[in-house]
Each structure stands twice: as C-alpha cells, then as structure tokens.
2 protein chains.
Amino acid sequence: MAKLYVIGIGPGGRGDMTIRAYETIKKCPVIVGYNYYIDILGDLTEGKKIVKTGMRSEVERCKMAVEQAKEGYDTCMISTGDSGLYGMAGPILELADGIEVEIIPGVTSSFAAASELGAPIMHDFCTISLSDLLTPWEVIEKRLEHAAAADFVIALYNPKSKGREGHLKKAIDIVMKYKKSQTPVGAVKNAGREGNERRIFNLETIDYDFVDMKTIVIIGNNSTYIKDNFIITPRGYMI
Amino acid sequence: MAKLYVIGIGPGGRGDMTIRAYETIKKCPVIVGYNYYIDILGDLTEGKKIVKTGMRSEVERCKMAVEQAKEGYDTCMISTGDSGLYGMAGPILELADGIEVEIIPGVTSSFAAASELGAPIMHDFCTISLSDLLTPWEVIEKRLEHAAAADFVIALYNPKSKGREGHLKKAIDIVMKYKKSQTPVGAVKNAGREGNERRIFNLETIDYDFVDMKTIVIIGNNSTYIKDNFIITPRGYMI
C-alpha cells in the first residue's frame, strides 16, 4: 500500500529543511504542491512525477495527492513551513480515507524570521493569520485584542495581499490599544530563503509599504527591547 | 574570529533536525549544552570538546559558550526544539558582546507533537509554558484566560514538574470556562524522539497522571474534532 507523506519543507532554503523531509522527498516518485513550492525544491524534483497547481486550489491539490497514493505511488504533499500550521496536514487527513498518512513537521516561517531578527519570540507567543479568505475578520480582530491584552509576542502571517491592503494597519491599531507604542516590531520578507530582507521598527514607525504577502511581522511583548540591531525578548533569567 | 551558533536541534530524533543544524554541529569543534541534549546528539559529539551542565544553569551555560567563542573556537550552543522559543537564543544575544552569533531555527516540540496527533493546530495558535520559575503564575493565568476566550488552539509546554503538580489541572479549569468540555486534547510524551507516546482526550477526560514534564499538551479550538484516532482542526476549506 502506498503512503502519503505531508511534508513541511521549512521556510524555503535547503538548509532549514529537516533531514527526514529531505530523505522522504528523495525516495518518493511523486511530488504534489503549489507551483512556487515545487520551484523551491530545485534539483530534488529531478526524475519525479510532479503534480502542481496554482494558488487557492488547495483542496483540489489535496485530492490529487490522495489520488496518486490510491494509484499506488508513494507521494509527497509539500507545504512550506510546517504543514500542520496553515498548511495541508488538516485537509489531507480530512480527505485521505483508507490511506496511510505520515505528517513530517518543519520549521515554520515565524521561527525562521525570528532567527534573523535575533530572539524576538522566546516567551509565550501566538500566530495570527490576517487572511480573511477562510476566517471572518471579526474572529481575527477578537484574537488580536486578546493576544495583545495578554501581552503575548505576536507573529502575523499573511499580513498583506491583494484585496486586503489595510489589514495590517487595522491589526496594529488594535494591538496599540494594549501595547506601548515603543514595542519593537520585526518584519522579515522571504525569511529563510533567497531574497530575504529584514527591518526593525516599533509599533509607531512600521513602514507599511515594506510589508508584502511574503513578510512575517513579529510584535514583541512588554519586555522586548532592541540591542545591536537585534530584537530580544528576555525569558526572565537574571543575566 | 570564531562564531557562536545557537542551534535548535528539533525534538530530538535525528530526522527532525535541519540540514543546517546537522552540518553546523558537524563542523564545529566545541558543543555546549544541557547534559540530556548532548546525549541526544549521540555520534555527532565524537571527537569534539563537550561543555555540558545540569538543569537550571542556563545562564552559566551561555556564559561558557560565549567564553569558548572568545577563546577562538567555533562553538555550537544547542537547545532542543527551536532555540528562539523558551530556548537559549535570547540569553546568548544578551551576553554575547562583540561575538558574531548565528541563530539556527528548528522544529519546536509542539509541531512534532501535532504531527503525531494528526493536525490539531492548523489555525491561529499560541504556546504557553506552565512553568512559573521565571514567570509569575498570575501572568500565566491571564494568558490562559485570553487564549481560551479568543478560541486559539493552545499548546502547553512544561505542563508538570516537581513542585507544580497541580498547574495543568488549574490551567484546564481556566480553559473550560471558555471552551466546551468536549474540545479534543492531545498529549504527547517525548514527541519526535525515542519513547514517544500519545493519548487523545477531551477537556473533561484528561488523564493527569499520563502527563509529565516532557509532555506537550495541545487543546483544540471550537471546530477541532477527532477522526480515525487523529485530531483535526479544520482551516476552513470546503472539503
């Protein structure tokens, strides 16, 4: 019986892919994924059957992956980051009746971004996607309110895209009701892959034009500070 | 000038270590870490200078790592999971004046645990450590209240240890003020490494004796359900 692997390939650079992800992709004859993710794999796709789709066809893509496994091919369904956070692990398990599935975790992009900014996360944190394609905006606003009120470090995914230009500004306005305006904010474009670029702001000085759909925005907590162009959130040790 | 690498080695199994982490550890002559983490590295430590300390000597360990780099050795400071979440990236950056530091991200244990439970995270989530060694319990309670009120998926780190036997029960009591009692809860002991063991409960049926200090507990959101012994949180796609 063929197996379906749901793989988080990490932020994109080969080095931040896990050994298990790399070896599993290498041994499987079929890879299914979004165009852009397939391109990232580069020479790992050589000699394999590649099934790729465009954006916003996630369910179709999952069905194709299940189909390949049903036809008897060991198949990799790939996502960037970790497939269990805003990835394909859920839809695959919802669809994959009677097929053996293995989920292979990966480095999510907020951790890749954090590593480039210094140590902005360190303590209790949350991730919030600003995309309202699948989640009502009111739910997103509610999560922003509570996350800021409880002083979590906040990592924002999908901060901008066509049709939601104003979402990040709206989100920051909510956060500023609770966090001080000097709270450090890091923004990393293409974290952990080619073309990466980082900026450090505070809540008041964010350059909204810098942020695009491939940017991760990390907002510190009440103790977060900037040192030597790094963002640091102390864990509480006496240094 | 020697370099200090702060490396998240992932949950523990070699397969879930990133390629960059593996290659960096391989090339460095000095490794610094907590006893248990050094043991996990196995043959990767062969022929190297190993500087290890016991638990709760985190700052001392960081100072030793900085010292090694200052003496001219390329040095790896290792943490399990991701070094930027409850790890050593912060203290190293606080201490490492004048030394070049590279943070290498890794797979955090909640993602390893999630991959073994199915797809319990998938959507907006937060991590909360129940250890009050460095964080006042009132802050932890406040975060639990807000995380549950906003219906985040919640991953609990350090749910139990000597001296805080009752913390998990207290945390679940808070969460149950907001989440329905049937909300799925997954607990994974030794996620992503030898000795791993998983259990699926709901908020009312948690076996508190199963949970130990090396267990990750993941609490679903309002849409989370159980299917074929997997926990799934839908992202919102029409399946």
# chains A, B, ... in the order shown; residues from 1 in each chain; ligands from 1
$ calpha_fit_and_write --fixed "chain A" --moving "chain B" --output "short mmCIF file (atom, residue, chain, number, x, y, z; two decimals) with C-alpha atoms, in the first residue's frame"
data_model
loop_
_atom_site.label_atom_id
_atom_site.label_comp_id
_atom_site.auth_asym_id
_atom_site.auth_seq_id
_atom_site.Cartn_x
_atom_site.Cartn_y
_atom_site.Cartn_z
CA MET B 1 0.01 0.00 0.01
CA ALA B 2 1.43 3.36 -0.97
CA LYS B 3 1.91 6.03 1.64
CA LEU B 4 1.07 9.72 1.57
CA TYR B 5 3.61 11.99 3.25
CA VAL B 6 2.56 15.51 4.20
CA ILE B 7 5.79 17.44 4.44
CA GLY B 8 6.66 20.87 5.77
CA ILE B 9 9.78 21.78 3.81
CA GLY B 10 10.63 24.71 6.11
CA PRO B 11 10.96 28.33 5.03
CA GLY B 12 12.48 27.52 1.67
CA GLY B 13 16.27 27.36 1.94
CA ARG B 14 17.58 23.80 1.67
CA GLY B 15 19.49 24.13 4.96
CA ASP B 16 16.36 24.70 7.01
CA MET B 17 14.65 21.58 5.66
CA THR B 18 14.74 18.63 8.07
CA ILE B 19 16.72 15.53 7.25
CA ARG B 20 13.52 13.44 7.30
CA ALA B 21 11.79 15.80 4.87
CA TYR B 22 14.77 15.73 2.53
CA GLU B 23 15.15 11.96 2.58
CA THR B 24 11.44 11.34 2.16
CA ILE B 25 11.15 13.65 -0.84
CA LYS B 26 14.21 11.96 -2.32
CA LYS B 27 12.72 8.48 -2.12
CA CYS B 28 9.16 9.24 -3.31
CA PRO B 29 8.31 9.01 -7.02
CA VAL B 30 5.52 11.63 -6.88
CA ILE B 31 5.51 15.18 -5.51
CA VAL B 32 2.38 17.29 -5.27
CA GLY B 33 2.43 21.00 -4.44
CA TYR B 34 1.76 24.60 -5.28
CA ASN B 35 3.87 25.80 -8.25
CA TYR B 36 6.05 28.09 -6.18
CA TYR B 37 6.87 25.38 -3.60
CA ILE B 38 7.83 22.93 -6.34
CA ASP B 39 10.20 25.53 -7.78
CA ILE B 40 11.86 25.92 -4.38
CA LEU B 41 12.71 22.21 -4.31
CA GLY B 42 15.01 22.63 -7.31
CA ASP B 43 17.04 19.49 -8.12
CA LEU B 44 15.04 17.43 -5.60
CA THR B 45 12.30 17.18 -8.22
CA GLU B 46 14.52 15.60 -10.88
CA GLY B 47 13.21 12.37 -12.36
CA LYS B 48 9.94 12.52 -10.46
CA LYS B 49 6.32 12.90 -11.44
CA ILE B 50 5.34 16.42 -10.43
CA VAL B 51 1.71 17.38 -9.87
CA LYS B 52 1.38 21.10 -9.33
CA THR B 53 -1.44 23.60 -9.11
CA GLY B 54 -1.81 27.35 -8.71
CA MET B 55 -2.77 29.30 -5.60
CA ARG B 56 -6.17 28.88 -3.95
CA SER B 57 -6.68 25.38 -5.29
CA GLU B 58 -5.66 23.75 -2.03
CA VAL B 59 -8.46 21.20 -1.81
CA GLU B 60 -8.04 20.17 -5.44
CA ARG B 61 -4.31 19.71 -4.77
CA CYS B 62 -5.03 17.51 -1.74
CA LYS B 63 -7.45 15.38 -3.75
CA MET B 64 -4.77 14.92 -6.42
CA ALA B 65 -2.27 13.79 -3.78
CA VAL B 66 -4.74 11.28 -2.33
CA GLU B 67 -5.43 10.04 -5.86
CA GLN B 68 -1.72 9.44 -6.53
CA ALA B 69 -1.36 7.42 -3.33
CA LYS B 70 -4.50 5.43 -4.20
CA GLU B 71 -2.95 4.63 -7.56
CA GLY B 72 -0.06 3.06 -5.68
CA TYR B 73 2.63 5.74 -5.67
CA ASP B 74 4.41 6.85 -2.50
CA THR B 75 3.53 10.52 -2.66
CA CYS B 76 4.83 13.71 -1.01
CA MET B 77 2.39 16.55 -0.48
CA ILE B 78 4.57 19.55 0.28
CA SER B 79 3.90 22.85 2.09
CA THR B 80 6.44 25.49 3.04
CA GLY B 81 6.99 26.01 6.76
CA ASP B 82 5.22 23.39 8.86
CA SER B 83 2.36 21.55 7.18
CA GLY B 84 0.41 21.48 10.45
CA LEU B 85 0.16 25.30 10.74
CA TYR B 86 -1.87 26.98 7.96
CA GLY B 87 -0.69 24.03 5.81
CA MET B 88 -2.02 20.90 4.16
CA ALA B 89 -1.95 18.37 7.03
CA GLY B 90 -5.56 19.07 8.00
CA PRO B 91 -7.24 18.86 4.58
CA ILE B 92 -5.23 15.74 3.72
CA LEU B 93 -6.41 13.96 6.87
CA GLU B 94 -9.96 15.10 6.19
CA LEU B 95 -9.80 13.61 2.68
CA ALA B 96 -7.51 10.59 3.00
CA ASP B 97 -9.86 7.78 3.90
CA GLY B 98 -8.15 4.41 3.91
CA ILE B 99 -4.70 5.71 3.05
CA GLU B 100 -1.72 5.65 5.37
CA VAL B 101 -0.59 9.23 6.08
CA GLU B 102 2.61 10.45 7.75
CA ILE B 103 2.94 14.09 8.75
CA ILE B 104 6.53 15.38 8.71
CA PRO B 105 6.94 18.60 10.71
CA GLY B 106 9.07 21.53 9.61
CA VAL B 107 10.42 24.92 10.64
CA THR B 108 7.60 27.44 10.41
CA SER B 109 8.35 30.83 8.88
CA SER B 110 7.89 32.79 12.11
CA PHE B 111 10.81 30.88 13.64
CA ALA B 112 12.91 31.47 10.54
CA ALA B 113 12.03 35.17 10.71
CA ALA B 114 12.76 35.27 14.45
CA SER B 115 16.20 33.74 13.93
CA GLU B 116 17.04 36.55 11.50
CA LEU B 117 15.77 39.25 13.87
CA GLY B 118 17.62 37.93 16.94
CA ALA B 119 15.38 36.42 19.62
CA PRO B 120 12.06 38.29 19.44
CA ILE B 121 9.84 35.34 20.41
CA MET B 122 11.47 33.46 23.32
CA HIS B 123 8.39 33.54 25.55
CA ASP B 124 4.67 32.71 25.22
CA PHE B 125 3.61 33.67 21.71
CA CYS B 126 0.82 33.29 19.23
CA THR B 127 0.43 33.25 15.48
CA ILE B 128 -2.44 35.07 13.78
CA SER B 129 -3.10 34.99 10.05
CA LEU B 130 -4.53 38.26 8.74
CA SER B 131 -6.07 36.50 5.74
CA ASP B 132 -9.85 36.63 5.89
CA LEU B 133 -10.35 34.29 2.94
CA LEU B 134 -11.27 31.44 5.31
CA THR B 135 -11.75 33.23 8.64
CA PRO B 136 -14.21 36.05 9.34
CA TRP B 137 -12.40 39.35 10.03
CA GLU B 138 -14.30 39.69 13.36
CA VAL B 139 -12.64 36.47 14.60
CA ILE B 140 -9.23 37.81 13.59
CA GLU B 141 -9.91 41.09 15.40
CA LYS B 142 -11.01 39.28 18.52
CA ARG B 143 -7.80 37.24 18.54
CA LEU B 144 -5.70 40.36 18.09
CA GLU B 145 -7.48 42.03 21.02
CA HIS B 146 -6.93 39.09 23.37
CA ALA B 147 -3.37 38.38 22.24
CA ALA B 148 -2.38 41.99 22.83
CA ALA B 149 -4.27 42.24 26.15
CA ALA B 150 -2.44 39.14 27.46
CA ASP B 151 0.91 40.53 26.25
CA PHE B 152 1.76 37.59 24.01
CA VAL B 153 4.54 38.02 21.46
CA ILE B 154 2.50 38.06 18.23
CA ALA B 155 3.63 36.66 14.87
CA LEU B 156 1.45 37.83 11.99
CA TYR B 157 1.17 35.61 8.91
CA ASN B 158 -0.29 36.82 5.60
CA PRO B 159 -0.13 40.47 6.68
CA LYS B 160 -0.99 41.76 3.22
CA SER B 161 -2.24 40.66 -0.16
CA LYS B 162 -4.36 41.91 -2.99
CA GLY B 163 -7.71 42.91 -1.61
CA ARG B 164 -6.58 43.35 1.97
CA GLU B 165 -4.14 46.21 1.82
CA GLY B 166 -5.41 47.80 5.02
CA HIS B 167 -5.44 44.71 7.27
CA LEU B 168 -2.01 45.19 8.82
CA LYS B 169 -2.71 48.81 9.76
CA LYS B 170 -6.05 47.78 11.31
CA ALA B 171 -4.30 44.99 13.24
CA ILE B 172 -1.59 47.32 14.56
CA ASP B 173 -4.22 49.85 15.65
CA ILE B 174 -5.86 47.13 17.75
CA VAL B 175 -2.54 46.00 19.23
CA MET B 176 -1.65 49.60 20.16
CA LYS B 177 -4.69 49.81 22.44
CA TYR B 178 -2.80 47.42 24.75
CA LYS B 179 0.93 47.49 23.94
CA LYS B 180 3.10 50.57 24.30
CA SER B 181 3.96 52.39 21.09
CA GLN B 182 7.69 51.74 21.57
CA THR B 183 7.18 47.94 21.42
CA PRO B 184 9.71 46.54 18.93
CA VAL B 185 8.34 45.09 15.69
CA GLY B 186 10.39 43.01 13.26
CA ALA B 187 9.43 42.40 9.66
CA VAL B 188 11.18 39.80 7.52
CA LYS B 189 10.48 39.37 3.82
CA ASN B 190 11.29 35.91 2.44
CA ALA B 191 12.51 34.65 5.81
CA GLY B 192 14.84 31.68 5.50
CA ARG B 193 15.05 31.73 1.72
CA GLU B 194 16.49 33.67 -1.19
CA GLY B 195 15.67 37.36 -1.26
CA ASN B 196 15.36 37.75 2.48
CA GLU B 197 15.32 41.22 3.89
CA ARG B 198 14.63 42.39 7.43
CA ARG B 199 13.59 45.63 9.08
CA ILE B 200 13.19 46.62 12.69
CA PHE B 201 10.54 49.14 13.71
CA ASN B 202 8.34 49.88 16.67
CA LEU B 203 4.54 49.93 16.61
CA GLU B 204 4.53 53.60 15.60
CA THR B 205 7.22 53.52 12.93
CA ILE B 206 6.19 50.51 10.81
CA ASP B 207 6.81 51.04 7.10
CA TYR B 208 3.62 49.55 5.70
CA ASP B 209 4.99 49.69 2.17
CA PHE B 210 7.84 47.34 3.12
CA VAL B 211 5.44 44.58 4.15
CA ASP B 212 4.17 42.28 1.41
CA MET B 213 2.36 38.93 1.36
CA LYS B 214 5.60 37.01 1.93
CA THR B 215 6.51 39.01 5.03
CA ILE B 216 6.28 37.79 8.61
CA VAL B 217 5.69 40.52 11.20
CA ILE B 218 6.67 39.84 14.82
CA ILE B 219 5.47 42.15 17.61
CA GLY B 220 7.29 41.94 20.95
CA ASN B 221 5.90 41.76 24.46
CA ASN B 222 6.21 44.23 27.31
CA SER B 223 9.88 43.32 27.99
CA THR B 224 11.13 43.16 24.40
CA TYR B 225 13.98 45.51 23.52
CA ILE B 226 16.44 46.28 20.74
CA LYS B 227 20.19 45.75 21.15
CA ASP B 228 22.87 45.98 18.45
CA ASN B 229 20.24 45.78 15.71
CA PHE B 230 18.71 42.60 17.19
CA ILE B 231 15.31 42.24 18.83
CA ILE B 232 15.47 40.41 22.15
CA THR B 233 12.62 39.22 24.37
CA PRO B 234 14.05 38.20 27.73
CA ARG B 235 12.88 34.89 29.13
CA GLY B 236 13.35 36.14 32.67
CA TYR B 237 16.79 34.82 33.57
CA MET B 238 18.97 37.06 35.72
CA ILE B 239 21.72 37.94 33.24
#
$ select_by_dssp --residues "stretch 24-216 of chain B" --states "helix (DSSP H, G or I)" --output "PyMOL selection string"
chain B and resi 24-27+35-45+58-70+89-95+109-117+137-149+167-175
$ write_last_selection --atoms "C-alpha atoms" --output "mmCIF file, in the first residue's frame"
data_model
loop_
_atom_site.group_PDB
_atom_site.id
_atom_site.type_symbol
_atom_site.label_atom_id
_atom_site.label_comp_id
_atom_site.auth_asym_id
_atom_site.auth_seq_id
_atom_site.Cartn_x
_atom_site.Cartn_y
_atom_site.Cartn_z
ATOM 1 C CA THR B 24 26.963 23.168 11.606
ATOM 2 C CA ILE B 25 27.298 20.827 14.579
ATOM 3 C CA LYS B 26 29.457 18.557 12.437
ATOM 4 C CA LYS B 27 31.930 21.289 11.556
ATOM 5 C CA ASN B 35 23.541 17.040 29.654
ATOM 6 C CA TYR B 36 20.396 15.483 28.250
ATOM 7 C CA TYR B 37 20.632 17.392 24.944
ATOM 8 C CA ILE B 38 24.258 16.367 24.495
ATOM 9 C CA ASP B 39 23.254 12.733 24.993
ATOM 10 C CA ILE B 40 20.620 13.078 22.265
ATOM 11 C CA LEU B 41 23.290 14.120 19.750
ATOM 12 C CA GLY B 42 24.940 10.706 20.012
ATOM 13 C CA ASP B 43 27.736 10.182 17.467
ATOM 14 C CA LEU B 44 27.617 13.851 16.419
ATOM 15 C CA THR B 45 29.646 14.638 19.533
ATOM 16 C CA GLU B 58 21.118 28.158 31.725
ATOM 17 C CA VAL B 59 22.925 31.457 32.198
ATOM 18 C CA GLU B 60 26.128 29.741 33.311
ATOM 19 C CA ARG B 61 25.911 27.544 30.205
ATOM 20 C CA CYS B 62 25.506 30.594 27.951
ATOM 21 C CA LYS B 63 28.499 32.285 29.561
ATOM 22 C CA MET B 64 30.568 29.143 28.938
ATOM 23 C CA ALA B 65 29.548 29.152 25.272
ATOM 24 C CA VAL B 66 30.491 32.825 24.877
ATOM 25 C CA GLU B 67 33.806 32.070 26.583
ATOM 26 C CA GLN B 68 34.593 29.257 24.135
ATOM 27 C CA ALA B 69 33.916 31.522 21.154
ATOM 28 C CA LYS B 70 36.060 34.267 22.722
ATOM 29 C CA ALA B 89 18.863 32.429 21.659
ATOM 30 C CA GLY B 90 17.799 35.281 23.935
ATOM 31 C CA PRO B 91 20.305 34.858 26.783
ATOM 32 C CA ILE B 92 23.131 34.317 24.282
ATOM 33 C CA LEU B 93 22.349 37.582 22.485
ATOM 34 C CA GLU B 94 22.069 39.349 25.834
ATOM 35 C CA LEU B 95 25.531 38.094 26.825
ATOM 36 C CA SER B 109 8.144 20.288 20.098
ATOM 37 C CA SER B 110 4.532 21.413 19.693
ATOM 38 C CA PHE B 111 4.829 20.887 15.929
ATOM 39 C CA ALA B 112 6.430 17.489 16.468
ATOM 40 C CA ALA B 113 3.605 16.599 18.868
ATOM 41 C CA ALA B 114 0.996 17.926 16.436
ATOM 42 C CA SER B 115 2.370 15.795 13.608
ATOM 43 C CA GLU B 116 1.923 12.699 15.772
ATOM 44 C CA LEU B 117 -1.638 13.653 16.752
ATOM 45 C CA TRP B 137 1.661 32.423 37.855
ATOM 46 C CA GLU B 138 -0.779 35.374 37.542
ATOM 47 C CA VAL B 139 0.705 36.205 34.112
ATOM 48 C CA ILE B 140 0.307 32.583 33.033
ATOM 49 C CA GLU B 141 -3.313 32.562 34.210
ATOM 50 C CA LYS B 142 -4.057 35.771 32.363
ATOM 51 C CA ARG B 143 -2.652 34.318 29.143
ATOM 52 C CA LEU B 144 -4.706 31.155 29.568
ATOM 53 C CA GLU B 145 -7.865 33.238 30.067
ATOM 54 C CA HIS B 146 -7.299 35.331 26.939
ATOM 55 C CA ALA B 147 -6.111 32.439 24.772
ATOM 56 C CA ALA B 148 -9.205 30.416 25.637
ATOM 57 C CA ALA B 149 -11.568 33.396 25.278
ATOM 58 C CA HIS B 167 -0.618 23.511 37.371
ATOM 59 C CA LEU B 168 -2.111 21.565 34.481
ATOM 60 C CA LYS B 169 -5.394 20.971 36.303
ATOM 61 C CA LYS B 170 -5.588 24.671 37.204
ATOM 62 C CA ALA B 171 -4.887 25.603 33.572
ATOM 63 C CA ILE B 172 -7.565 23.253 32.231
ATOM 64 C CA ASP B 173 -10.099 24.642 34.723
ATOM 65 C CA ILE B 174 -9.467 28.117 33.319
ATOM 66 C CA VAL B 175 -9.727 26.926 29.717
#
$ select_by_dssp --residues "stretch 17-239 of chain A" --states "strand (DSSP E or B)" --output "VMD selection string"
chain A and resid 18 30 to 34 49 to 53 75 to 79 81 85 100 to 104 118 to 119 122 125 to 129 153 to 157 184 to 189 197 to 202 215 to 219 225 to 227 230 to 232
